[in-house]
Structure formats: C-alpha cells, structure tokens
Amino acid sequence: MAAEVQSVQLEKLPSGPTTVTAEQKYWQSFGSLLQLDPSAHSSPVTSITFPSAPPSDLTVSSQDLFAVTTGSRVQIFSSRTRKVVKTISRFNVDDVAHSGNIRSDGRIVVAGGDSGAIQAFDLNSRAILKTWKEHKQPVWTTQWSPTDLTQLMSCSDDRTVRLWDLPSDKAVTTFNGHQDYVRCGQFMPAQSGLLVSGSYDQTVRLWDPRAGGKAAMIFKHAAAIECVLPMPSGTAILASADNAISVLDIVAAKPIHLLQNHQKTVTSLAIAQNGERLLSGGLDGMVKVFETRAWNVVSTMKYPSPILSLAIIPSGPQKEDRHLAVGLQSGLLSIKTRLSGEQKVQAREREREMKALMDGKIDEYDRSKSGKRKRGKGAERATRGKDFTGEGADIIIDGNPRGRVNYKLGWGNALRWGEYSRALDMALESKDPNARLQQLTLFRTLQHRSALPAALSSRDEITLQPVLRWLIKNISDYRITRLVTDVGLVVLDLYAEQLGRSEVIDDLIERLMERVNVVVGASQLAWSIRGMCEGVVAAGGGDGME
Amino acid sequence: MPGPQVTPKLKRKHEGEDAQRKKVRMQGKSNAGPATNGAGVKQSSPKPDQTGAKKSKSAQKEKDLSAPPIAAETEDLSPEASDTAEQSGKPKTSSKRSRSRKEKEPKAEEGASQKEIVAKVESCSTDTPADNQTAATGEVQAVSKKHKKKKQKSRNTASWSVSAPSGGWFLPQDAVFTPNEKFLITANAKALLIYSTETSLLASTLPAGSGIISAYALSATNPDHVYISSNAGFIILWDWQKAQKVGRWDIGSNVRQMVSVRQPDPTSNQDLVFCYEAGDRHIINVHALRTKAHDSETELKQILKSKTTILNLQVLLQGKIVIVTCANSVLIGKRAKLHKTALQDFEYVWREFKTPKRVTACDAYVRVSETISKSKDPLLNPRDDLDLAIGSEDGVIYLFEDIVPAFEKAEKSHKDGKKTNVELDALRPKRLHWHREAVATLKWSKDGNYLISGGNETVLVIWQLSTGKQQHLPHLTAAIESVVVSPSGSSYVVSLANNSILVLSTTELAAKTNIVGIQSRRIDLEQLPHKNSNDFPVHVYSQIPMVVDPKTGTQVIFSTPSSQPKHQAGAKPLPEPYMQTFDFAAQRPISRQALTRNLATDSNIAPDGGKILEPNVTLLQISGDGQWLASVDEWIPQREDMSYLEEGIPEFNEEERTFRREVYLKIWRWSEKDSQWMLETRIDAPHFLEDAGANARVLDLVSDPVRPGFATVGEDRMVRIWRPTTRTRDGVVVRGVKGGARRDLVSWSLDQAVEFSRRVSSTSSTISLSSRLSFSKDASVLAVGVTWHAKDDTDVVHLIDTTTGTVRRTISELHTTGLSSLAMLGRHLIIVGERIIVWDIVADELVYSVAVGFVGVDGDRRFGLTRLAVNDDNGTFAVSSPRFEEPPKDQWFKKVSSRVSIFEPQHPQPIWTSNVPAMILSLAATKVGRGYVSLDSSSSIRVITPQATAFQLPTPPREITPTRLRVLEGDEKDVEKIGGSIATLFGDEDLIDVGENDKPVVRAEQLQEIFEVAPSHALPPVKDLFNAVVDLYARKPRDGAVGALV
C-alpha cells in the first residue's frame, strides 16, 4: 500500500537548434578530402565511373580502379591509393572525351567523344584497340555490359542508342525512337539484358535488344532527361529531369515518386549502400542523400561549384562504400573517403537508428542511446506498464514490492533519506556518462527542497573541491547560469570567512574568478553587439513602424 | 417527519424561547409579512408584501451603498445560511436554562417549515420579470428603456435552479464502523453518509435537515440507530437501515462530540449519550434520550464544566471512566457510587493533570485484569488498569501504564490532598518519540499491544509496545487526521487531510476501501488569521482552475492541494499540485492525478524545519475534442531560502526571488487505456522576460475551440499560441507506443507569438499586470484584455486575428478598471471588472455596462473575486460576485457568500439571480443541461440549470450543430438589429416564402425531361440518370426558386 517511490526525473536541457542524426554523422564521416584538377586546365569533370562487379568469381577481379573523364582525357585512379594510375589522352585536340568506362575485368577502357567516335583502349598499354565511327554526332555515354564482357552500349546526340560487340565493326543493334539528343543510358542490372536511356525529348525509354529496335516502355517527363539510373533490384528506374528525380516502376509501368529537393537541374545520380541510399548531385552544388524506402532526404552536402558527376566507389571484399567522388563544373574532382574502424561502428549505429525509426521504436532506441544502463528482461518485466512518467504518484494499491525499492540513482536514495550532503558527494563523484545531467538534477532538486545550504555546508578542504570544480566547469553554460550562480553564491556565502586557509581551495576560487571573468567578457561583447543592433534597428526601422 | 414527539423534562425553556424569538426576529427582518403569521402561511398570499418589502429594502440599500447593485437585494434565505447566522448568536449562559419547554417543540417545527416556504417564495419572486423591472436601477447606458421593456416581455424568463451542493468535507470526527463492519458511517455538513466497506460506494445518505451536522454517534444498544446532532441544537435519532427518523430532541446547544453507551443498569436496554456541548462554557452532559417507545423519560445530567475547549471525550466501561482532553491538561473522571445506575446518580471524581506541551491526541485503554473479572461483573471490578497515551504538539507520545494508582500516589506525595492538578512528569510516563510534528491522532489497538499514531508526516506509525519497535506505512500523500480501529480490530480507518478515508487491513496494511470527497481548496473562516494580525488575506479566494471535460460533459477537472490539515491554519493558500476529476452528474469523484512534482513519496520538511512547497497549478484548459489538457504550474523559492542574497533591501530580495520562478506549460494527452492524462510535452518558460533573464508568469490560458491549440498570455506582453506538430526525423514520422496505441508522436510547439504592446522598458519586470484571453467561437479572433498596474496606462482590449497573428482592433474606449474576466459570446465581448461591460464587436459599440454588486469589500482586491462563465449553447453568461457580511469582533467576516447572476448579452438585467452560501471559487459552463457548474470555498459543487428541471441522466450525446447554421442565425439577428432598411429590403413576400422552404422546387416536367428522352431500351446508363436526378434535387434552392418564379 501507499504510493510508489519513483526516482527523481532527470532534467533535460534545451538542445541546440539542430541535432546531428546518425545519418548525417555517417555522411560527414567521409573525410580526408582530396581535391585535384585532373584535366590540368579546369575542364569540367563530366563522368566518374567504376567497373561493375565481375559476373563471376572465375574472371579476374577488377583492380580497384575508377575512371574519371574530363576534357580530352580519361584518367584511371586507383581506389586504394586515390592516385592516378593511367591517363588516356589519345583523343583529338579539339575532341572532348565522354564517359570513360572500365570493363569489369579491368583491362579495357571505352570512351566516347564529341567527334562521334567510340574508342576502346587497352588499359595497360593505352593502345587503341578499336574505333567505331558510326555515330555522326557526339557520343555521350558508353557503357560495358555488366554480364557480357564483349558487349557495350552507346548513346549519342544523333538520337540513337546502339549496342556493340567488341569484335564486330558494326553496331549489333540500333535503337531508334528518341526524338532528341540521348544524353544518358544504362544497362539494366542482372540478366535482363535490357537497356534504358534518357533523352532531351523528355522521355525515358526502355529497350529490349531481343525485340528489335523498338522501345519496350516509354516514360514521358516534363523536361529533358539528364540522367537515368536503374535500381539494383531491376524493378525501378530513377530518372532526373530538370530539378526533379522521378522514380519509375517498370513492373507497374508507372512513376511512383517525384523527388523535388534540388533547386537546379539534377545532373547525376548514384546508388549507395546496395540500393538503400540514393545520392543525387545537381547544378545547385548540392549532393542530397535519399533513403530509398520512403524517399526522404536524410542528409545533404554542399559543394562549391555545380556538380556534373557523382559516384560512390566501393572497395574491399564486402564492397563497402569507400569513396565519394564528385566531379565539378570548375574542373575539380573531389574525393572524400571514409575510413574503417570507428566509422564502421557509426554506420552500424546509423542502421539501427533507421531501423528503429521505421519500426516505430525510436523511443526505445533513444532511451537506450541516452547513456542509461542496458536493462535485462527482468527489468523490462518489472517496469511493464509503467512507461507513464507523469510526475509523482497518487495513492495506488500496489506499491513497491517489499524491500525492492530500486534506486537507479545512488544519490537518489541518499536524497530520500535526507542525507543531502552525501547525495551531492555521490553525484559529483559519479563517473556515469549522464553524470552532468544528474548533477544538474540534484542541484535543482536541492533547491526545490530548500536543502541547498544544508548540502553545501560543513565541508572540508577535500569535500569542497568537487563543488568548486563543478562550478568552474559549468559557469559558462548559458542554459543553467541562474542555477550555477545560485550554487556559487551559496558556497561563497558559506565559506567566505574560511578563505586563505587552504591553498587548494584558494587556487580553485581563483580559477573560478578567471572563468567568471571570461564569461563576463563574452557577455559584455554580446551586449555591445546588441547595442549596435538596436541602434541599427532604431535608425532603419523608425519610419517603418508608424 | 419524525416519529413520536416527546416532551422532555429538560429545564431549558428560557433558552429555547429565546432562540425561537430570535428566529422570528430574523425572519421578520428579511420578510416583513409572513413570519408572524404562525402556521397558516400560504405560499401565494405573501407575495405582494414580499416584493413591497423588498422594494423598500433595496431602495434603502441603494442609499447606503454608493455603488448600486445589479438588481433587487435578495436577502439570503437558503436554509443552511440562515442557520449559521442563527447559530452564532444563539448560545446563552446556562443560568437561563431553567424553564420547561413544553410549547417549544411545535414552534420550532413551524419555524423550520416557515423558513422553507419563505425561501421558496423568495426564489419565485426573483424570477418574475416584474420584479426584475422594479429592481432595475438606472444602470442602462446603451439601450433605451422603452425598447428594453418590450424586449423583456418577450424574453425567455424561464426560471433557473441551483442544485443541492455535492461534495463538501467530511466532518473532522472519527468515522464509525457498524458492528458487522459492512458499513462505515461518516458525515459532511449536510448529511450523514453511509459507505459500504466492500465497494467503497455510498450506500445511503441521511439528510441533516435544516442544520449543519456537528456530531454523530452509533447507538450502543441498537446498531441500526444513529444519533445525529446539528448545530441548530437538535439531536435526531435515525434508523439508518430503514432511513427513518426515530426520535428528535431539541437540546438547544451546540454538540461537538457525542458518545453513546449502554445504560449501566443491567436490566436496561437503553442508551446514555455523553455530549460535549460548547458555548461560552464547555460542558459535558449525559443525556438519557427517550422516545415514546420507551417507558422512561428523557433526562439530563451535567457532569463537567470547563473553561477551556475540550479536545476529545472518551467514555470507557459504560461510563465508569470518562477521559476528557483539553489543550493543556487531561482529566480522568471515575464514577462514584457504581451500584447506583440512575442517571441522576451519576457523579464523577475528576483528576486532572497538566501537560507542559499542548496535547493534540489522547487515547485510553482499559486492561481488564483477568483473575477477578471471571468471578464478578467486570464493570464493577475496581482493579482495572487504565493505560493512557497522550500525543503532544512536539511529536512525543507519553505512555502511562496503569495511571490511576500512580496518580493517587502522586497526589499523596503532594501532601495537601485537595490539589488534584498533578504535573505530567510526576507520573513518570514512557516517552515514544518518532513524529517530527504534532501527533495528530493516536489509538490503541484492540488487544492493547500496539499504539497507532499519525500526523503531518503522512506516515502511519504502529508501535509495538512490548518491544518498542515501530512499523511504518509511509507515503500516504496527505497528513493523517484520524485513525480508528474497527470493532473486530481487523482494520484501521485512516482519515487523511485530503478529504479521503482509507480502510486498511491490519495484517498486510493493504487498502480495502477508499472513500474520497472533493479535495479542492477549502476556506474556513474560523481558520483565517485574526483581524488584528494584518490585511485580510483576500487571495485565499483566488480562482481555482476548473474545466468541464468535453468528452463526457459531466466531469469537471480542477486543481487540488495535496493535503489540507485542519489544524494548519494560514492565510497562505497551499500550492495545488494535483487535479481531481469529479462527475457532477453521478456526484462522485472519478480520479486524482498529480500534475507537477510533489512530495507524495518525499519528506515534506526542509532541513531547517520549514515546509517544502510544491509547484502550484494556476491554469487548466482542455481542448475542444477533450484529447488534450494544458496546465500551467509555477514554483518560486521560498523567502527563507534566499538568505544568501540578503543585502538588507527587501525589494531587491523579492525581485531576485521572482527571477527564480519556474513556470511550466504542460500538455497532457488523454489515454483511453489508462484513463489518465499522459504528459506529452513540457514547455519550460512559455513566457520569458528577456531583460531580466527570468521566467514570466502566465496570466491566462485558453483553448482553441475549433482545433487543438492553446493560447497563453504572459507578463512579457506576448500572446503565444501553441499547436501540436507531428514529430518527424529524417523525414520519417516518428511513431511510438505512448498511451497504449501505437501512433504518431506529437510535439507541441509555438505556432504564433503576438506582441500586443510595444511598450518596452527595462524595468518591465517590476510592473505586474493582469491580462485575460478569450477565443471567439470559430477561433478566428482572440481577445486579450490588459490591465496595467501602473496608473498612467489605460486598460485596453486587443482583438487579434489568429490567422495572421496581428492586432486588428484595439478597444481603448472602455474603462475596464480591475479587469478580472473576459469572454466572447457570439458577437459580444463580455468584460467583467468593476463593471460588467458588453461590447458588440460587429457593430463596434457598447451594448451596456452595469456595476458588479460587490458587497462588503472594496478597493482593488475585490476585482479578483468575480467569476465569469459563458454558455454558447443558450447565449447566456453567468457572473458571480462576492458578498462579505460584517465581521464579529475578532474575525474578518461573519459570513462569506456569493451571488450568481445569469445575463443575456442583449439585456442589462440579469435573467436570474441567486445567492450561494459560500464563496464561488470557480464557475464554468456545462454543455449538458445548458447550465453552469460552480465550485465553492466549502469544496462543494453546485449545478445551475435552466427551466428548473432536474438534472437528467443518462445524458444523450451532444448533437453537433453545424456552425454554418449558427452563423446564419446570427446574421438574422444582425439584420433585425442593424436597421429597418435592410429588413424592408428582404421584406419582399415571394423571397421570404422561398426562404421558409429551402427545398428546391422540382416540377414534373423536369423529371420527364430526364426519363422520357427515349424508349426504355434506349435510355442512357442508370448511373447517368441517377446523376441527373441528383443534380436536379441537389441544386441550389435560390436558383431553383428563381426558375420556378420565372
């Protein structure tokens, strides 16, 4: 019988305006920024590609390379060292290379050009293996088939998409149907053998080579298509047109979503995390990260110049996302790299948070994260139905089971028994990750119970030290100034006469003084700025008011 | 009416007649005619006299008071009120008690019935419009008199009625178990309450009749009989099983405590009642109260007279031992001549001993010595040990074992055998000290091995006397007022200072029964500090936040203090950290919940011995859908705790103290699963004084009537509107399992902030202001009234457009001195301060302004005492105003009551007025019954409903009337009012006819056009046909009508 004893509720301090989510932390963990100008004369970086995973283990694994196309050259970087391995610049002087692409075995690079020629190079010797000049207009996209080592596709301004076989001199299939420049195209993943292309005629077309040269599916958009990207599942295609990204379901043959988060044209799309995240880069210099279940923006990065190309380059046996490479209009290539180790933990954390959020268990997650001790099943059972944390309790019939009043906070127990001084000692000594909030809560509670002087009085040289240290540490926190000041005043009130008796205490008091001086200086500065602002407002806003 | 009337042989005629005369005088005062008529009072006849008398009286009053009242002065004649008045003037010196009172009995009866009739007449007369008119004094400012008279005739003058009060506090007397422990008998001022211990429900109620119950006792001989004494000087014997009166005696004195024992005569089967009767002298009498069923006669014997107040009276062994506890002494009376059992032979030998500290509790236990008791009648055994336990104000319990021989020894040691006052220490008591504060109650267990004590610490302490060990039952949430051990000893009845009674089993101390009353703040005039101390603490009458729960319509929620011990008098109102839900239809408390941190499980005493104060809930509101509750609570450090800032300047100290105020706005969500409000959002410092860096007080809180949202106004001259937002993270809606169901989590945050005054001064924190808010019914307008405490600022009302958050109109032409309430009723803005002002917002003009009838209070402090409630359903508003009656010598006021008036915004005269015999602390409109509900200073709830119909149950679900319709109604009124020109414009007959029948006219040809376009096999699809018909019937009426006319 009688009301149940509840532990003191911890104070909550107002948090800052933004909270960094695990997702943001993850993307911020792409560090060690490397910026370079691969073209050497600031040509825009138009394409960053990396070879797709080899179709089977039998073939030699790609050598962790990626290709960056800028100006009239294609540069091959090592994704291990982030250094240029090879530079292929065997294009005509006035020619502009497009879409350098490494074959999945890492041996052959193919690239298109403004002249309309498609060239295949041997990666080691940089010798031209093959040149196709069938396209009469610039070729914007060339891509190796993910399944067939000899097959590649190309998209050209001559409104055609062509499928090539390496040995043959002629295009295997020509897909006609686009009414305008075809600027982007991709092989659909897996074994489907389908192709997708996007054109300035505002359509995304899906081609099936087996069905001849006609489009299997057409999605009409409101603007020219800049980039298409199939989802790894093969059932959806992402297409960017103007500042919007559309998600097209090719099973249901209809668009599902329209993501309008960019301010300017979206030029590049990339899939990260095995299809769980979509990255988009636009001419507004922003990279946005979407999660691909509900298509919400979860993180954003800003670049100094319009973004033309974007890639998340995986490496290692697990194919984890390693580099975030962004090619800019200004000719800069920005490579950010995520290190393993600690960041892996963060990634796991991020996954957990996202999962909790989607499952509607974010509360539990937050609770477990807030530094409280993990509880076992038994604790869960004991607290079942008690998630109500209103304050205090009325008479309830079942109180705490006999002798099982469980004080989570040691000082909470001391507080209940009126041992205020001991409670304070315990809280100040606590090594708990939440100790700061606990100390704050205790000071507040002591104030509420008129017990602040009682808790602070009759302390000796040793026991007074932690109190003074706490004051020194917290006096600059503007959120709790009033409380810290009160504690300080009580301490000074109680121990003013005892100054000069102990060197340690005097020293601490001096440090407190210094700290106060710093805070006062800062606030004086703020005041002067405020004064200036008021002056400006008074001068400028006077006639606006009445 | 009562059973056999008995003519007792009491010798008290003087006193009785005196009282009777007084009664007559009182009635004569209020009502010239009927009182002297005797029995033949007719309800109809005195009416003309009545109004005449009243007219003259009101005229006279007007001369007396500078501020004329709203309407005729109605003398308060509700029964209980006149009784209290009677009571205080009644008790006379005992020397007058000498005459027999044979004729007295019937007269008293008559008096009572007359009174009732008069009261009825009174209420009738106030309701007649004629009376209202005669009473109307020249207060009307805006409406011309002729017009008003016409209006009044047509006005709905249906009478209103006030229900009997429900709630009230349990008497501070020990509850009584029936011998079979199935029922627990307690009482409040108006009725004896019998609760079933199994269900905790009220089993039956015995009304007190006209008086206030002062004491009750279960008959020792017949467990079905219970004695009830009222302060009118009656003792009534009830059969509570049959709910019948068995006997009724007028003993003409104020009985404070009664104990009933069996008459010691072994052949007798009759009761003796020991009564403690208080007056100028404090007397203990033994009454033999006999009805006609008995052959013996009613008689009385006085056994003790004392100058000091008697705290407690205990009668043991059928009157053989009587123990009387006074403030500083304990008297033990032992009956002499035990063999004589006739009442007149009752003589007691009194022994008194003084105590150094004030005695606060006392209980005695008789240890019957076994050896001799077997052989003889235990009553006559001279060797019984009397153990006595005394609790003192410093928390010590003194335990005397076998006190009588020790007493005698001590007496002998004093040599001069005459002195019977023995010092406490001479008796060498055992000291038991655990309580920090006064021991409020003390009881022996049935077997005499334990003592049970309780007090302010909210801990029940059980002392095992043989070992000296204590067992504690802590955290009872409120101070313990009394403990009673049940007849079988299997349970304890614990009365708590929050107006609740618990029955605990003695074995596992588990609660078996929990009886709760209304726990709201109560104000006892007797407990207020005496007049000479300082200014009258008018703030004890500050408003209790109360709201009607729209989910049920019959439940009110109001804030309550955690504990209100009766001995803890003080001018300082206690903080109110809890709220209670009370169903006024079922007259039953529903639940209680803490709204702030509280001391339910913590020590309530600071290290320096001061009392710790909880935060105080100052404002409460519920959203229109009943899902959200908003509460504002405040806490401010106590003055004593600020000593470290002491600089010798009290103003500085006080200012620093207010800077440390904590203010929280808490938003709670109703959880169906737990039937409880769950905290959803806490907003720290909803209003903030930037310059001082301190939390500003929230002055008013209102709820948006249309969608979830609350508006607050604070000392910082800002109106803030708070709205819920669904919580999202990374774009995903955050869902949780709060409150049982899995649902989207909601945070409340600031939606709009409107600064209504640009006056910004650095000294703003020192100027406090009062401010009130009100939403219009469609939530498009928020009115905020402001009173500046600095004299040079004019008081204004701002109208804020809630969509844009801008001040659209500032009404500064009203002199809203002492603004206390503000409300919007349709197009009218009602402001209550020094005057009741009704302002038409649409026409932007004053409708009327009448003075509030303050009685017996003046100055600024009166403004906080009015209450205003608005009922949208019937377009009325209610105003309650205080009435203080002149004080006796050392108290502030003899009587505090309030007057409730119901107004319509169109007419300056109240359509109904009544007095409530307690100060109304809160007034709210109810949807059910279209009335009002009031909570007053005696913690009782009254329902004011129109049409004099009884409150109906079960209540049907409220019909949702489309707001569009209401607007139309309003428009029609507007047309009527604004002027004849528009009315004539609409006066075209055809149009009006159309208006009456809003259905479109569908002619047969039109239907033919649809169906007969082609032969049946060639008709268009059925869907198209259907659509065509629907189009025909559902088109706009006006178009159709025009078509018809053309």
# chains A, B, ... in the order shown; residues from 1 in each chain; ligands from 1
call {"tool": "select_by_dssp", "arguments": {"residues": "region 121-282 of chain A", "states": "strand (DSSP E or B)", "output": "ChimeraX atom specification"}}
result
/A:121-122,128-132,139-144,151-156,161-165,171-175,182-187,195-199,203-207,215-220,225-230,236-241,244-249,254-259,266-272,277-282
call {"tool": "write_last_selection", "arguments": {"atoms": "C-alpha atoms", "output": "compact mmCIF listing (two decimals), in the first residue's frame"}}
result
# COMPACT_ATOMS: atom_id res chain seq x y z
CA PHE A 121 41.78 1.30 -75.18
CA ASP A 122 43.92 -1.32 -73.64
CA ILE A 128 43.67 1.99 -79.17
CA LEU A 129 42.10 -1.38 -79.69
CA LYS A 130 39.11 -0.32 -81.68
CA THR A 131 37.44 2.75 -83.05
CA TRP A 132 33.79 2.91 -84.16
CA VAL A 139 28.60 10.18 -78.14
CA TRP A 140 27.69 10.98 -74.57
CA THR A 141 27.51 7.61 -72.97
CA THR A 142 29.37 4.41 -73.40
CA GLN A 143 28.97 1.55 -71.05
CA TRP A 144 30.09 -2.01 -70.75
CA GLN A 151 29.10 -6.13 -75.17
CA LEU A 152 28.78 -2.39 -74.76
CA MET A 153 26.22 0.32 -75.41
CA SER A 154 26.43 3.90 -76.52
CA CYS A 155 24.09 6.87 -76.60
CA SER A 156 24.55 9.71 -78.99
CA VAL A 161 21.19 4.14 -78.79
CA ARG A 162 23.42 1.41 -80.12
CA LEU A 163 24.56 -1.93 -78.85
CA TRP A 164 28.04 -3.06 -79.85
CA ASP A 165 30.01 -6.25 -79.81
CA ALA A 171 26.62 -1.93 -84.24
CA VAL A 172 24.78 -5.07 -83.30
CA THR A 173 21.52 -3.27 -82.71
CA THR A 174 20.45 0.28 -83.26
CA PHE A 175 17.59 1.56 -81.19
CA VAL A 182 20.25 10.95 -75.99
CA ARG A 183 22.48 12.00 -73.17
CA CYS A 184 22.28 9.12 -70.79
CA GLY A 185 21.79 5.42 -70.77
CA GLN A 186 22.44 2.35 -68.71
CA PHE A 187 22.27 -1.41 -68.88
CA LEU A 195 18.80 -1.06 -71.75
CA VAL A 196 17.44 2.21 -70.53
CA SER A 197 18.12 5.60 -71.96
CA GLY A 198 17.04 9.14 -71.35
CA SER A 199 16.84 11.84 -73.89
CA THR A 203 11.36 10.57 -72.42
CA VAL A 204 12.95 7.63 -70.74
CA ARG A 205 12.88 4.62 -72.96
CA LEU A 206 13.42 1.02 -72.10
CA TRP A 207 14.89 -1.09 -74.87
CA ALA A 215 11.24 0.82 -77.25
CA ALA A 216 9.65 -1.59 -74.82
CA MET A 217 8.44 1.13 -72.48
CA ILE A 218 8.35 4.91 -72.62
CA PHE A 219 8.06 7.33 -69.69
CA LYS A 220 7.27 10.86 -70.63
CA ILE A 225 16.32 13.81 -69.06
CA GLU A 226 19.79 14.35 -67.70
CA CYS A 227 20.50 11.07 -66.02
CA VAL A 228 18.95 7.64 -65.70
CA LEU A 229 19.87 5.02 -63.17
CA PRO A 230 18.30 1.61 -62.63
CA ALA A 236 12.69 0.62 -60.74
CA ILE A 237 14.48 3.30 -62.68
CA LEU A 238 15.47 6.70 -61.41
CA ALA A 239 15.49 9.49 -63.91
CA SER A 240 16.37 13.09 -63.38
CA ALA A 241 14.67 15.77 -65.38
CA ALA A 244 13.22 16.63 -60.09
CA ILE A 245 14.04 12.98 -59.80
CA SER A 246 11.34 10.58 -60.79
CA VAL A 247 11.12 7.04 -59.55
CA LEU A 248 9.70 4.83 -62.26
CA ASP A 249 8.33 1.43 -61.56
CA LYS A 254 4.17 3.96 -63.88
CA PRO A 255 6.04 6.61 -61.91
CA ILE A 256 5.89 6.16 -58.14
CA HIS A 257 7.57 9.21 -56.74
CA LEU A 258 8.79 12.58 -57.72
CA LEU A 259 11.61 13.96 -55.60
CA VAL A 266 19.96 17.25 -61.25
CA THR A 267 22.87 16.04 -63.30
CA SER A 268 23.96 12.85 -61.65
CA LEU A 269 22.61 10.01 -59.61
CA ALA A 270 24.35 7.29 -57.70
CA ILE A 271 23.30 4.35 -55.63
CA ALA A 272 24.98 3.67 -52.33
CA ARG A 277 20.58 5.19 -50.40
CA LEU A 278 20.37 7.34 -53.45
CA LEU A 279 22.73 10.22 -53.95
CA SER A 280 21.94 12.98 -56.35
CA GLY A 281 24.11 15.85 -57.44
CA GLY A 282 22.85 18.97 -59.13
call {"tool": "interface_residues", "arguments": {"of": "chain B", "to": "chain A", "cutoff": "8 Å", "atoms": "only C-alpha atoms", "output": "PyMOL selection string"}}
result
chain B and resi 473-477+509-511+592-603+605-607+612-613+637-638+641+644-645+660+678-679+729-732+734-739
call {"tool": "residues_around", "arguments": {"residues": "Gly113 (chain A)", "least_positions_apart": "6", "cutoff": "6 Å", "atoms": "only C-alpha atoms", "output": "VMD selection string"}}
result
chain A and resid 96 to 98 138 to 139
call {"tool": "residues_around", "arguments": {"residues": "Asp180 (chain A)", "least_positions_apart": "4", "cutoff": "8 Å", "atoms": "only C-alpha atoms", "output": "JSON, numbers by chain"}}
result
{"A": [157, 158, 159, 199, 200, 201]}
call {"tool": "residues_around", "arguments": {"residues": "region 40-54 of chain A", "least_positions_apart": "2", "cutoff": "9 Å", "atoms": "only C-alpha atoms", "output": "PyMOL selection string"}}
result
chain A and resi 36-38+56-62+64-72+97-106+144-147+307-314+325-333
